[in-house]
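query19.txt, holding compact mmCIF, N, CA and C atoms:
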```
# COMPACT_ATOMS: atom_id res chain seq x y z
N MET A 1 74.84 -39.78 -12.55
CA MET A 1 75.56 -39.89 -11.29
C MET A 1 76.91 -39.18 -11.43
N SER A 2 77.25 -38.41 -10.44
CA SER A 2 78.52 -37.70 -10.41
C SER A 2 79.59 -38.56 -9.75
N TYR A 3 80.80 -38.49 -10.25
CA TYR A 3 81.90 -39.24 -9.62
C TYR A 3 82.09 -38.81 -8.17
N GLU A 4 81.78 -37.56 -7.86
CA GLU A 4 81.97 -37.05 -6.50
C GLU A 4 81.03 -37.71 -5.49
N SER A 5 79.99 -38.35 -5.97
CA SER A 5 79.06 -39.04 -5.07
C SER A 5 79.47 -40.49 -4.83
N LEU A 6 80.46 -40.97 -5.55
CA LEU A 6 80.90 -42.37 -5.41
C LEU A 6 81.77 -42.55 -4.18
N ASP A 7 81.43 -43.56 -3.38
CA ASP A 7 82.24 -43.87 -2.20
C ASP A 7 83.67 -44.25 -2.59
N VAL A 8 83.83 -44.94 -3.71
CA VAL A 8 85.17 -45.35 -4.13
C VAL A 8 86.03 -44.14 -4.45
N TRP A 9 85.45 -43.12 -5.06
CA TRP A 9 86.20 -41.89 -5.36
C TRP A 9 86.58 -41.17 -4.07
N LYS A 10 85.63 -41.10 -3.13
CA LYS A 10 85.90 -40.44 -1.85
C LYS A 10 87.01 -41.14 -1.09
N ARG A 11 86.96 -42.46 -1.05
CA ARG A 11 87.99 -43.23 -0.34
C ARG A 11 89.34 -43.09 -1.02
N ALA A 12 89.35 -43.09 -2.34
CA ALA A 12 90.60 -42.94 -3.07
C ALA A 12 91.20 -41.55 -2.84
N CYS A 13 90.36 -40.54 -2.74
CA CYS A 13 90.85 -39.18 -2.43
C CYS A 13 91.47 -39.14 -1.03
N ARG A 14 90.79 -39.73 -0.07
CA ARG A 14 91.32 -39.76 1.30
C ARG A 14 92.65 -40.51 1.35
N LEU A 15 92.73 -41.62 0.63
CA LEU A 15 93.97 -42.38 0.59
C LEU A 15 95.10 -41.56 -0.03
N SER A 16 94.80 -40.86 -1.10
CA SER A 16 95.81 -40.03 -1.74
C SER A 16 96.32 -38.96 -0.78
N CYS A 17 95.41 -38.33 -0.06
CA CYS A 17 95.82 -37.31 0.93
C CYS A 17 96.67 -37.94 2.04
N ASP A 18 96.28 -39.12 2.48
CA ASP A 18 97.03 -39.83 3.52
C ASP A 18 98.45 -40.14 3.03
N LEU A 19 98.57 -40.55 1.78
CA LEU A 19 99.90 -40.84 1.23
C LEU A 19 100.77 -39.59 1.19
N TYR A 20 100.20 -38.48 0.78
CA TYR A 20 100.97 -37.23 0.77
C TYR A 20 101.48 -36.90 2.17
N MET A 21 100.64 -37.09 3.18
CA MET A 21 101.06 -36.82 4.55
C MET A 21 102.12 -37.82 5.01
N GLN A 22 101.93 -39.09 4.67
CA GLN A 22 102.90 -40.13 5.05
C GLN A 22 104.27 -39.87 4.43
N MET A 23 104.27 -39.36 3.23
CA MET A 23 105.52 -39.20 2.49
C MET A 23 106.13 -37.80 2.63
N ALA A 24 105.53 -36.97 3.45
CA ALA A 24 105.98 -35.58 3.56
C ALA A 24 107.46 -35.44 3.89
N ASN A 25 107.98 -36.33 4.70
CA ASN A 25 109.39 -36.22 5.12
C ASN A 25 110.32 -37.17 4.37
N CYS A 26 109.81 -37.85 3.37
CA CYS A 26 110.65 -38.77 2.60
C CYS A 26 111.65 -37.99 1.78
N ARG A 27 112.91 -38.35 1.92
CA ARG A 27 113.97 -37.63 1.20
C ARG A 27 114.32 -38.26 -0.14
N ASP A 28 113.76 -39.43 -0.40
CA ASP A 28 113.95 -40.03 -1.71
C ASP A 28 112.84 -39.47 -2.60
N TYR A 29 113.18 -38.37 -3.27
CA TYR A 29 112.16 -37.63 -4.01
C TYR A 29 111.60 -38.41 -5.20
N SER A 30 112.39 -39.28 -5.76
CA SER A 30 111.92 -40.10 -6.87
C SER A 30 110.83 -41.06 -6.38
N PHE A 31 111.09 -41.74 -5.27
CA PHE A 31 110.09 -42.66 -4.72
C PHE A 31 108.86 -41.89 -4.26
N LYS A 32 109.09 -40.79 -3.57
CA LYS A 32 107.98 -39.97 -3.07
C LYS A 32 107.08 -39.52 -4.23
N ASP A 33 107.71 -39.07 -5.32
CA ASP A 33 106.95 -38.62 -6.48
C ASP A 33 106.16 -39.78 -7.08
N GLN A 34 106.79 -40.93 -7.21
CA GLN A 34 106.14 -42.09 -7.84
C GLN A 34 104.94 -42.59 -7.03
N ILE A 35 105.11 -42.71 -5.73
CA ILE A 35 104.01 -43.26 -4.91
C ILE A 35 102.86 -42.26 -4.78
N THR A 36 103.18 -40.98 -4.68
CA THR A 36 102.09 -40.01 -4.60
C THR A 36 101.37 -39.88 -5.93
N ARG A 37 102.10 -40.02 -7.03
CA ARG A 37 101.45 -40.00 -8.35
C ARG A 37 100.52 -41.20 -8.53
N SER A 38 100.96 -42.37 -8.09
CA SER A 38 100.10 -43.56 -8.19
C SER A 38 98.83 -43.36 -7.38
N GLY A 39 99.01 -42.86 -6.15
CA GLY A 39 97.85 -42.62 -5.30
C GLY A 39 96.91 -41.58 -5.89
N LEU A 40 97.46 -40.57 -6.49
CA LEU A 40 96.67 -39.49 -7.09
C LEU A 40 95.96 -39.97 -8.36
N SER A 41 96.56 -40.93 -9.05
CA SER A 41 95.97 -41.45 -10.29
C SER A 41 94.66 -42.18 -10.06
N VAL A 42 94.50 -42.81 -8.91
CA VAL A 42 93.29 -43.60 -8.68
C VAL A 42 92.04 -42.71 -8.71
N PRO A 43 91.90 -41.71 -7.84
CA PRO A 43 90.69 -40.89 -7.92
C PRO A 43 90.64 -40.04 -9.19
N SER A 44 91.80 -39.66 -9.70
CA SER A 44 91.82 -38.84 -10.92
C SER A 44 91.27 -39.61 -12.12
N ASN A 45 91.63 -40.87 -12.24
CA ASN A 45 91.11 -41.68 -13.35
C ASN A 45 89.62 -41.97 -13.19
N ILE A 46 89.18 -42.14 -11.96
CA ILE A 46 87.73 -42.32 -11.74
C ILE A 46 87.00 -41.07 -12.23
N ALA A 47 87.49 -39.91 -11.81
CA ALA A 47 86.86 -38.64 -12.20
C ALA A 47 86.88 -38.46 -13.71
N GLU A 48 88.03 -38.69 -14.32
CA GLU A 48 88.13 -38.50 -15.76
C GLU A 48 87.19 -39.44 -16.51
N GLY A 49 87.12 -40.68 -16.07
CA GLY A 49 86.22 -41.64 -16.72
C GLY A 49 84.77 -41.22 -16.67
N PHE A 50 84.35 -40.68 -15.54
CA PHE A 50 82.95 -40.27 -15.41
C PHE A 50 82.63 -39.03 -16.20
N GLU A 51 83.64 -38.29 -16.60
CA GLU A 51 83.41 -37.09 -17.41
C GLU A 51 83.58 -37.36 -18.90
N ARG A 52 83.95 -38.58 -19.25
CA ARG A 52 84.09 -38.94 -20.66
C ARG A 52 82.73 -39.15 -21.28
N GLY A 53 82.69 -39.18 -22.60
CA GLY A 53 81.42 -39.21 -23.31
C GLY A 53 80.75 -40.56 -23.41
N SER A 54 81.50 -41.64 -23.26
CA SER A 54 80.87 -42.95 -23.48
C SER A 54 81.11 -43.88 -22.30
N GLU A 55 80.26 -44.89 -22.23
CA GLU A 55 80.41 -45.92 -21.20
C GLU A 55 81.70 -46.71 -21.41
N LYS A 56 82.07 -46.90 -22.67
CA LYS A 56 83.31 -47.62 -22.97
C LYS A 56 84.51 -46.87 -22.40
N GLU A 57 84.54 -45.55 -22.58
CA GLU A 57 85.64 -44.75 -22.04
C GLU A 57 85.62 -44.74 -20.51
N LYS A 58 84.43 -44.63 -19.95
CA LYS A 58 84.30 -44.65 -18.49
C LYS A 58 84.88 -45.95 -17.93
N ARG A 59 84.51 -47.06 -18.54
CA ARG A 59 85.00 -48.36 -18.11
C ARG A 59 86.52 -48.43 -18.23
N GLN A 60 87.06 -47.91 -19.34
CA GLN A 60 88.51 -47.95 -19.55
C GLN A 60 89.24 -47.18 -18.45
N PHE A 61 88.72 -46.02 -18.07
CA PHE A 61 89.37 -45.23 -17.03
C PHE A 61 89.22 -45.86 -15.64
N LEU A 62 88.15 -46.60 -15.43
CA LEU A 62 88.03 -47.35 -14.18
C LEU A 62 89.06 -48.47 -14.14
N LEU A 63 89.34 -49.07 -15.29
CA LEU A 63 90.40 -50.07 -15.37
C LEU A 63 91.77 -49.43 -15.11
N TYR A 64 91.98 -48.23 -15.63
CA TYR A 64 93.22 -47.51 -15.34
C TYR A 64 93.36 -47.25 -13.85
N ALA A 65 92.26 -46.85 -13.22
CA ALA A 65 92.27 -46.59 -11.78
C ALA A 65 92.64 -47.85 -11.01
N ARG A 66 92.06 -48.96 -11.42
CA ARG A 66 92.36 -50.24 -10.76
C ARG A 66 93.82 -50.63 -10.97
N GLY A 67 94.35 -50.36 -12.15
CA GLY A 67 95.76 -50.62 -12.42
C GLY A 67 96.67 -49.74 -11.57
N SER A 68 96.30 -48.48 -11.43
CA SER A 68 97.08 -47.57 -10.58
C SER A 68 97.05 -48.03 -9.13
N ALA A 69 95.93 -48.59 -8.71
CA ALA A 69 95.83 -49.11 -7.34
C ALA A 69 96.79 -50.28 -7.15
N ALA A 70 96.91 -51.14 -8.16
CA ALA A 70 97.86 -52.27 -8.07
C ALA A 70 99.29 -51.74 -8.01
N GLU A 71 99.58 -50.73 -8.80
CA GLU A 71 100.90 -50.10 -8.78
C GLU A 71 101.17 -49.52 -7.40
N LEU A 72 100.18 -48.85 -6.84
CA LEU A 72 100.32 -48.25 -5.52
C LEU A 72 100.57 -49.32 -4.45
N LYS A 73 99.85 -50.41 -4.53
CA LYS A 73 100.02 -51.50 -3.56
C LYS A 73 101.46 -52.01 -3.59
N THR A 74 102.01 -52.18 -4.78
CA THR A 74 103.39 -52.62 -4.92
C THR A 74 104.35 -51.61 -4.30
N GLN A 75 104.11 -50.34 -4.54
CA GLN A 75 104.98 -49.29 -4.01
C GLN A 75 104.90 -49.19 -2.49
N ILE A 76 103.73 -49.43 -1.93
CA ILE A 76 103.60 -49.44 -0.47
C ILE A 76 104.42 -50.60 0.10
N GLN A 77 104.33 -51.75 -0.53
CA GLN A 77 105.08 -52.91 -0.05
C GLN A 77 106.59 -52.65 -0.13
N ILE A 78 107.05 -52.11 -1.23
CA ILE A 78 108.47 -51.80 -1.37
C ILE A 78 108.88 -50.69 -0.41
N GLY A 79 108.07 -49.64 -0.33
CA GLY A 79 108.37 -48.53 0.57
C GLY A 79 108.48 -48.96 2.02
N THR A 80 107.69 -49.94 2.39
CA THR A 80 107.75 -50.47 3.76
C THR A 80 109.04 -51.25 3.96
N ARG A 81 109.37 -52.07 3.01
CA ARG A 81 110.58 -52.90 3.12
C ARG A 81 111.85 -52.07 3.20
N VAL A 82 111.88 -50.94 2.50
CA VAL A 82 113.10 -50.11 2.52
C VAL A 82 113.06 -49.02 3.59
N GLY A 83 111.97 -48.96 4.33
CA GLY A 83 111.90 -48.04 5.46
C GLY A 83 111.32 -46.67 5.19
N PHE A 84 110.71 -46.47 4.03
CA PHE A 84 110.09 -45.18 3.73
C PHE A 84 108.70 -45.05 4.35
N ILE A 85 108.07 -46.19 4.60
CA ILE A 85 106.73 -46.22 5.20
C ILE A 85 106.82 -47.02 6.49
N ARG A 86 106.24 -46.47 7.55
CA ARG A 86 106.27 -47.16 8.84
C ARG A 86 105.55 -48.50 8.76
N LYS A 87 106.18 -49.52 9.32
CA LYS A 87 105.60 -50.87 9.27
C LYS A 87 104.23 -50.93 9.94
N GLN A 88 104.02 -50.07 10.94
CA GLN A 88 102.73 -50.06 11.62
C GLN A 88 101.63 -49.49 10.72
N LYS A 89 101.99 -48.61 9.80
CA LYS A 89 101.01 -47.96 8.93
C LYS A 89 100.71 -48.77 7.67
N ALA A 90 101.66 -49.57 7.23
CA ALA A 90 101.52 -50.30 5.97
C ALA A 90 100.28 -51.18 5.88
N PRO A 91 99.95 -51.99 6.91
CA PRO A 91 98.77 -52.85 6.76
C PRO A 91 97.48 -52.06 6.50
N ALA A 92 97.31 -50.94 7.16
CA ALA A 92 96.10 -50.14 6.94
C ALA A 92 96.08 -49.57 5.53
N LEU A 93 97.22 -49.12 5.04
CA LEU A 93 97.29 -48.60 3.67
C LEU A 93 96.98 -49.69 2.66
N LEU A 94 97.58 -50.85 2.85
CA LEU A 94 97.35 -51.96 1.93
C LEU A 94 95.90 -52.43 1.96
N GLU A 95 95.33 -52.45 3.15
CA GLU A 95 93.93 -52.86 3.29
C GLU A 95 93.01 -51.87 2.56
N GLU A 96 93.31 -50.59 2.68
CA GLU A 96 92.49 -49.58 2.01
C GLU A 96 92.62 -49.69 0.49
N VAL A 97 93.82 -49.91 -0.01
CA VAL A 97 94.00 -50.08 -1.45
C VAL A 97 93.23 -51.30 -1.93
N SER A 98 93.30 -52.39 -1.19
CA SER A 98 92.55 -53.61 -1.57
C SER A 98 91.06 -53.35 -1.60
N ALA A 99 90.56 -52.61 -0.62
CA ALA A 99 89.13 -52.30 -0.58
C ALA A 99 88.73 -51.46 -1.80
N ILE A 100 89.57 -50.51 -2.15
CA ILE A 100 89.30 -49.67 -3.32
C ILE A 100 89.33 -50.50 -4.59
N GLN A 101 90.29 -51.42 -4.70
CA GLN A 101 90.35 -52.31 -5.86
C GLN A 101 89.07 -53.13 -5.99
N LYS A 102 88.58 -53.65 -4.88
CA LYS A 102 87.35 -54.44 -4.91
C LYS A 102 86.16 -53.58 -5.32
N MET A 103 86.10 -52.37 -4.80
CA MET A 103 85.01 -51.47 -5.16
C MET A 103 85.05 -51.15 -6.66
N LEU A 104 86.23 -50.91 -7.17
CA LEU A 104 86.37 -50.64 -8.61
C LEU A 104 85.95 -51.87 -9.42
N GLY A 105 86.36 -53.03 -8.97
CA GLY A 105 85.98 -54.27 -9.65
C GLY A 105 84.47 -54.44 -9.70
N ARG A 106 83.80 -54.17 -8.58
CA ARG A 106 82.34 -54.29 -8.56
C ARG A 106 81.68 -53.26 -9.48
N LEU A 107 82.23 -52.06 -9.52
CA LEU A 107 81.69 -51.01 -10.38
C LEU A 107 81.85 -51.40 -11.86
N ILE A 108 83.00 -51.93 -12.21
CA ILE A 108 83.25 -52.38 -13.59
C ILE A 108 82.29 -53.53 -13.94
N THR A 109 82.15 -54.49 -13.05
CA THR A 109 81.25 -55.62 -13.28
C THR A 109 79.81 -55.14 -13.45
N SER A 110 79.42 -54.18 -12.63
CA SER A 110 78.08 -53.61 -12.73
C SER A 110 77.85 -52.94 -14.09
N MET A 111 78.85 -52.23 -14.56
CA MET A 111 78.76 -51.59 -15.88
C MET A 111 78.64 -52.65 -16.97
N ASP A 112 79.42 -53.72 -16.84
CA ASP A 112 79.39 -54.80 -17.84
C ASP A 112 78.01 -55.45 -17.90
N LYS A 113 77.41 -55.67 -16.74
CA LYS A 113 76.09 -56.30 -16.69
C LYS A 113 75.02 -55.40 -17.28
N SER A 114 75.11 -54.10 -17.02
CA SER A 114 74.09 -53.18 -17.54
C SER A 114 74.26 -52.94 -19.04
N ALA A 115 75.45 -53.24 -19.57
CA ALA A 115 75.69 -53.05 -21.01
C ALA A 115 75.12 -54.20 -21.83
N ARG A 116 74.78 -55.29 -21.18
CA ARG A 116 74.26 -56.46 -21.91
C ARG A 116 72.84 -56.27 -22.32
```
Write out the structure in this file as structure tokens.
Amino acid sequence: MSYESLDVWKRACRLSCDLYMQMANCRDYSFKDQITRSGLSVPSNIAEGFERGSEKEKRQFLLYARGSAAELKTQIQIGTRVGFIRKQKAPALLEEVSAIQKMLGRLITSMDKSAR
């Protein structure tokens, strides 16, 4: 199976693109860099994990992706509170990150079950 066929990878890519567009006019370049990097890390870690040689490495990179999603969720919450992200947009972003986290969790659990 290719990572490009995974719905979680596709959704994470769309979210990353959405973040870049949302942050296009942000003048706090440090925050902009950090949040876009977190968003970019999610699909990137999924891809890297699927290209690694072992199931153990694949699982580890899926865990990294899930960790990056948690980091991203925190940054969205902070960005909203300080006014970098529109309050109307934040719930949809947070909901999408949560959905991606759940999908990653199910994928990791599935790998764990098949390894037994």
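Nearest to Val8 of chain A of all the residues A:Gln22, A:Gln101, A:Thr36, A:Thr74 is A:Gln101, based on all atoms listed in the file.
Across the structure, atom C of Ala70 of chain A and atom CA of Asp28 of chain A are spaced 19.8 Å apart.
A cut-off of 12 Å from the point (94.2, -51.7, 3.9), with only C-alpha atoms, picks out the residues A:Arg11, A:Ala12, A:Leu15, A:Ala69, A:Leu72, A:Lys73, A:Ile76, A:Gln77, A:Gln88, A:Lys89, A:Ala90, A:Pro91, A:Ala92, A:Leu93, A:Leu94, A:Glu95, A:Glu96, A:Val97, A:Ser98, A:Ala99, A:Ile100, A:Gln101, A:Lys102.
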- Message: Report as a ChimeraX atom specification all protein, DNA and RNA residues lying within 9 Å of Tyr20 of chain A, evaluated on only C-alpha atoms, omitting residues in the same chain fewer than 4 positions from it.
- Response: /A:15-16,24,32,35-36,39
Pick out each residue of segment 36-92 of chain A that DSSP on the backbone tags as alpha helix (DSSP H); I need them as a compact mmCIF listing (two decimals) with N, CA and C atoms, in the coordinates of the input.
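out12.txt, freshly written:
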```txt
# COMPACT_ATOMS: atom_id res chain seq x y z
N THR A 36 103.18 -40.98 -4.68
CA THR A 36 102.09 -40.01 -4.60
C THR A 36 101.37 -39.88 -5.93
N ARG A 37 102.10 -40.02 -7.03
CA ARG A 37 101.45 -40.00 -8.35
C ARG A 37 100.52 -41.20 -8.53
N SER A 38 100.96 -42.37 -8.09
CA SER A 38 100.10 -43.56 -8.19
C SER A 38 98.83 -43.36 -7.38
N GLY A 39 99.01 -42.86 -6.15
CA GLY A 39 97.85 -42.62 -5.30
C GLY A 39 96.91 -41.58 -5.89
N LEU A 40 97.46 -40.57 -6.49
CA LEU A 40 96.67 -39.49 -7.09
C LEU A 40 95.96 -39.97 -8.36
N SER A 41 96.56 -40.93 -9.05
CA SER A 41 95.97 -41.45 -10.29
C SER A 41 94.66 -42.18 -10.06
N VAL A 42 94.50 -42.81 -8.91
CA VAL A 42 93.29 -43.60 -8.68
C VAL A 42 92.04 -42.71 -8.71
N PRO A 43 91.90 -41.71 -7.84
CA PRO A 43 90.69 -40.89 -7.92
C PRO A 43 90.64 -40.04 -9.19
N SER A 44 91.80 -39.66 -9.70
CA SER A 44 91.82 -38.84 -10.92
C SER A 44 91.27 -39.61 -12.12
N ASN A 45 91.63 -40.87 -12.24
CA ASN A 45 91.11 -41.68 -13.35
C ASN A 45 89.62 -41.97 -13.19
N ILE A 46 89.18 -42.14 -11.96
CA ILE A 46 87.73 -42.32 -11.74
C ILE A 46 87.00 -41.07 -12.23
N ALA A 47 87.49 -39.91 -11.81
CA ALA A 47 86.86 -38.64 -12.20
C ALA A 47 86.88 -38.46 -13.71
N GLU A 48 88.03 -38.69 -14.32
CA GLU A 48 88.13 -38.50 -15.76
C GLU A 48 87.19 -39.44 -16.51
N GLY A 49 87.12 -40.68 -16.07
CA GLY A 49 86.22 -41.64 -16.72
C GLY A 49 84.77 -41.22 -16.67
N PHE A 50 84.35 -40.68 -15.54
CA PHE A 50 82.95 -40.27 -15.41
C PHE A 50 82.63 -39.03 -16.20
N GLU A 51 83.64 -38.29 -16.60
CA GLU A 51 83.41 -37.09 -17.41
C GLU A 51 83.58 -37.36 -18.90
N GLU A 55 80.26 -44.89 -22.23
CA GLU A 55 80.41 -45.92 -21.20
C GLU A 55 81.70 -46.71 -21.41
N LYS A 56 82.07 -46.90 -22.67
CA LYS A 56 83.31 -47.62 -22.97
C LYS A 56 84.51 -46.87 -22.40
N GLU A 57 84.54 -45.55 -22.58
CA GLU A 57 85.64 -44.75 -22.04
C GLU A 57 85.62 -44.74 -20.51
N LYS A 58 84.43 -44.63 -19.95
CA LYS A 58 84.30 -44.65 -18.49
C LYS A 58 84.88 -45.95 -17.93
N ARG A 59 84.51 -47.06 -18.54
CA ARG A 59 85.00 -48.36 -18.11
C ARG A 59 86.52 -48.43 -18.23
N GLN A 60 87.06 -47.91 -19.34
CA GLN A 60 88.51 -47.95 -19.55
C GLN A 60 89.24 -47.18 -18.45
N PHE A 61 88.72 -46.02 -18.07
CA PHE A 61 89.37 -45.23 -17.03
C PHE A 61 89.22 -45.86 -15.64
N LEU A 62 88.15 -46.60 -15.43
CA LEU A 62 88.03 -47.35 -14.18
C LEU A 62 89.06 -48.47 -14.14
N LEU A 63 89.34 -49.07 -15.29
CA LEU A 63 90.40 -50.07 -15.37
C LEU A 63 91.77 -49.43 -15.11
N TYR A 64 91.98 -48.23 -15.63
CA TYR A 64 93.22 -47.51 -15.34
C TYR A 64 93.36 -47.25 -13.85
N ALA A 65 92.26 -46.85 -13.22
CA ALA A 65 92.27 -46.59 -11.78
C ALA A 65 92.64 -47.85 -11.01
N ARG A 66 92.06 -48.96 -11.42
CA ARG A 66 92.36 -50.24 -10.76
C ARG A 66 93.82 -50.63 -10.97
N GLY A 67 94.35 -50.36 -12.15
CA GLY A 67 95.76 -50.62 -12.42
C GLY A 67 96.67 -49.74 -11.57
N SER A 68 96.30 -48.48 -11.43
CA SER A 68 97.08 -47.57 -10.58
C SER A 68 97.05 -48.03 -9.13
N ALA A 69 95.93 -48.59 -8.71
CA ALA A 69 95.83 -49.11 -7.34
C ALA A 69 96.79 -50.28 -7.15
N ALA A 70 96.91 -51.14 -8.16
CA ALA A 70 97.86 -52.27 -8.07
C ALA A 70 99.29 -51.74 -8.01
N GLU A 71 99.58 -50.73 -8.80
CA GLU A 71 100.90 -50.10 -8.78
C GLU A 71 101.17 -49.52 -7.40
N LEU A 72 100.18 -48.85 -6.84
CA LEU A 72 100.32 -48.25 -5.52
C LEU A 72 100.57 -49.32 -4.45
N LYS A 73 99.85 -50.41 -4.53
CA LYS A 73 100.02 -51.50 -3.56
C LYS A 73 101.46 -52.01 -3.59
N THR A 74 102.01 -52.18 -4.78
CA THR A 74 103.39 -52.62 -4.92
C THR A 74 104.35 -51.61 -4.30
N GLN A 75 104.11 -50.34 -4.54
CA GLN A 75 104.98 -49.29 -4.01
C GLN A 75 104.90 -49.19 -2.49
N ILE A 76 103.73 -49.43 -1.93
CA ILE A 76 103.60 -49.44 -0.47
C ILE A 76 104.42 -50.60 0.10
N GLN A 77 104.33 -51.75 -0.53
CA GLN A 77 105.08 -52.91 -0.05
C GLN A 77 106.59 -52.65 -0.13
N ILE A 78 107.05 -52.11 -1.23
CA ILE A 78 108.47 -51.80 -1.37
C ILE A 78 108.88 -50.69 -0.41
N GLY A 79 108.07 -49.64 -0.33
CA GLY A 79 108.37 -48.53 0.57
C GLY A 79 108.48 -48.96 2.02
N THR A 80 107.69 -49.94 2.39
CA THR A 80 107.75 -50.47 3.76
C THR A 80 109.04 -51.25 3.96
N ARG A 81 109.37 -52.07 3.01
CA ARG A 81 110.58 -52.90 3.12
C ARG A 81 111.85 -52.07 3.20
N ALA A 90 101.66 -49.57 7.23
CA ALA A 90 101.52 -50.30 5.97
C ALA A 90 100.28 -51.18 5.88
N PRO A 91 99.95 -51.99 6.91
CA PRO A 91 98.77 -52.85 6.76
C PRO A 91 97.48 -52.06 6.50
N ALA A 92 97.31 -50.94 7.16
CA ALA A 92 96.10 -50.14 6.94
C ALA A 92 96.08 -49.57 5.53
```
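Coordinates place atom C of Ser44 of chain A at a distance of 14.4 Å from atom C of Met1 of chain A.
The space separating atom CA of Arg14 of chain A from atom CA of Arg37 of chain A comes to 14.0 Å.
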- Can you work out which one of A:Met111, A:Ile85, A:Lys10, A:Ser41 has the shortest atom-to-atom distance to Ser68 of chain A, counting only C-alpha atoms? A:Ser41
So that I can see what lies close to segment 48-60 of chain A, please list as a PDB file with N, CA and C atoms, keeping the file's coordinate frame the residues with an atom at most 8 Å from it, counting only C-alpha atoms and leaving out residues fewer than 3 positions away in the same chain.
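Result saved to around06.pdb:
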```
ATOM      1  N   SER A   2      77.250 -38.410 -10.440  1.00  0.00           N
ATOM      2  CA  SER A   2      78.520 -37.700 -10.410  1.00  0.00           C
ATOM      3  C   SER A   2      79.590 -38.560  -9.750  1.00  0.00           C
ATOM      4  N   TYR A   3      80.800 -38.490 -10.250  1.00  0.00           N
ATOM      5  CA  TYR A   3      81.900 -39.240  -9.620  1.00  0.00           C
ATOM      6  C   TYR A   3      82.090 -38.810  -8.170  1.00  0.00           C
ATOM      7  N   SER A  44      91.800 -39.660  -9.700  1.00  0.00           N
ATOM      8  CA  SER A  44      91.820 -38.840 -10.920  1.00  0.00           C
ATOM      9  C   SER A  44      91.270 -39.610 -12.120  1.00  0.00           C
ATOM     10  N   ASN A  45      91.630 -40.870 -12.240  1.00  0.00           N
ATOM     11  CA  ASN A  45      91.110 -41.680 -13.350  1.00  0.00           C
ATOM     12  C   ASN A  45      89.620 -41.970 -13.190  1.00  0.00           C
ATOM     13  N   LEU A  63      89.340 -49.070 -15.290  1.00  0.00           N
ATOM     14  CA  LEU A  63      90.400 -50.070 -15.370  1.00  0.00           C
ATOM     15  C   LEU A  63      91.770 -49.430 -15.110  1.00  0.00           C
ATOM     16  N   TYR A  64      91.980 -48.230 -15.630  1.00  0.00           N
ATOM     17  CA  TYR A  64      93.220 -47.510 -15.340  1.00  0.00           C
ATOM     18  C   TYR A  64      93.360 -47.250 -13.850  1.00  0.00           C
ATOM     19  N   ILE A 108      83.000 -51.930 -12.210  1.00  0.00           N
ATOM     20  CA  ILE A 108      83.250 -52.380 -13.590  1.00  0.00           C
ATOM     21  C   ILE A 108      82.290 -53.530 -13.940  1.00  0.00           C
ATOM     22  N   MET A 111      78.850 -52.230 -14.560  1.00  0.00           N
ATOM     23  CA  MET A 111      78.760 -51.590 -15.880  1.00  0.00           C
ATOM     24  C   MET A 111      78.640 -52.650 -16.970  1.00  0.00           C
TER      25      MET A 111
END
```
- Task: Counting only C-alpha atoms, figure out which residue out of A:Glu71, A:Asp33, A:Lys87, A:Leu62 gets nearest to Thr109 of chain A.
- Result: A:Leu62
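The environment of Phe84 of chain A within 7 Å, counting all atoms listed in the file and disregarding residues fewer than 6 places along the same chain, consists of Gln22, Met23, Cys26 and Ile78 of chain A.
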- Note on the structure: In terms of only C-alpha atoms, the residue from A:Asn25, A:Pro43, A:Val82, A:Ala65 at minimal distance from Gly105 of chain A is A:Ala65
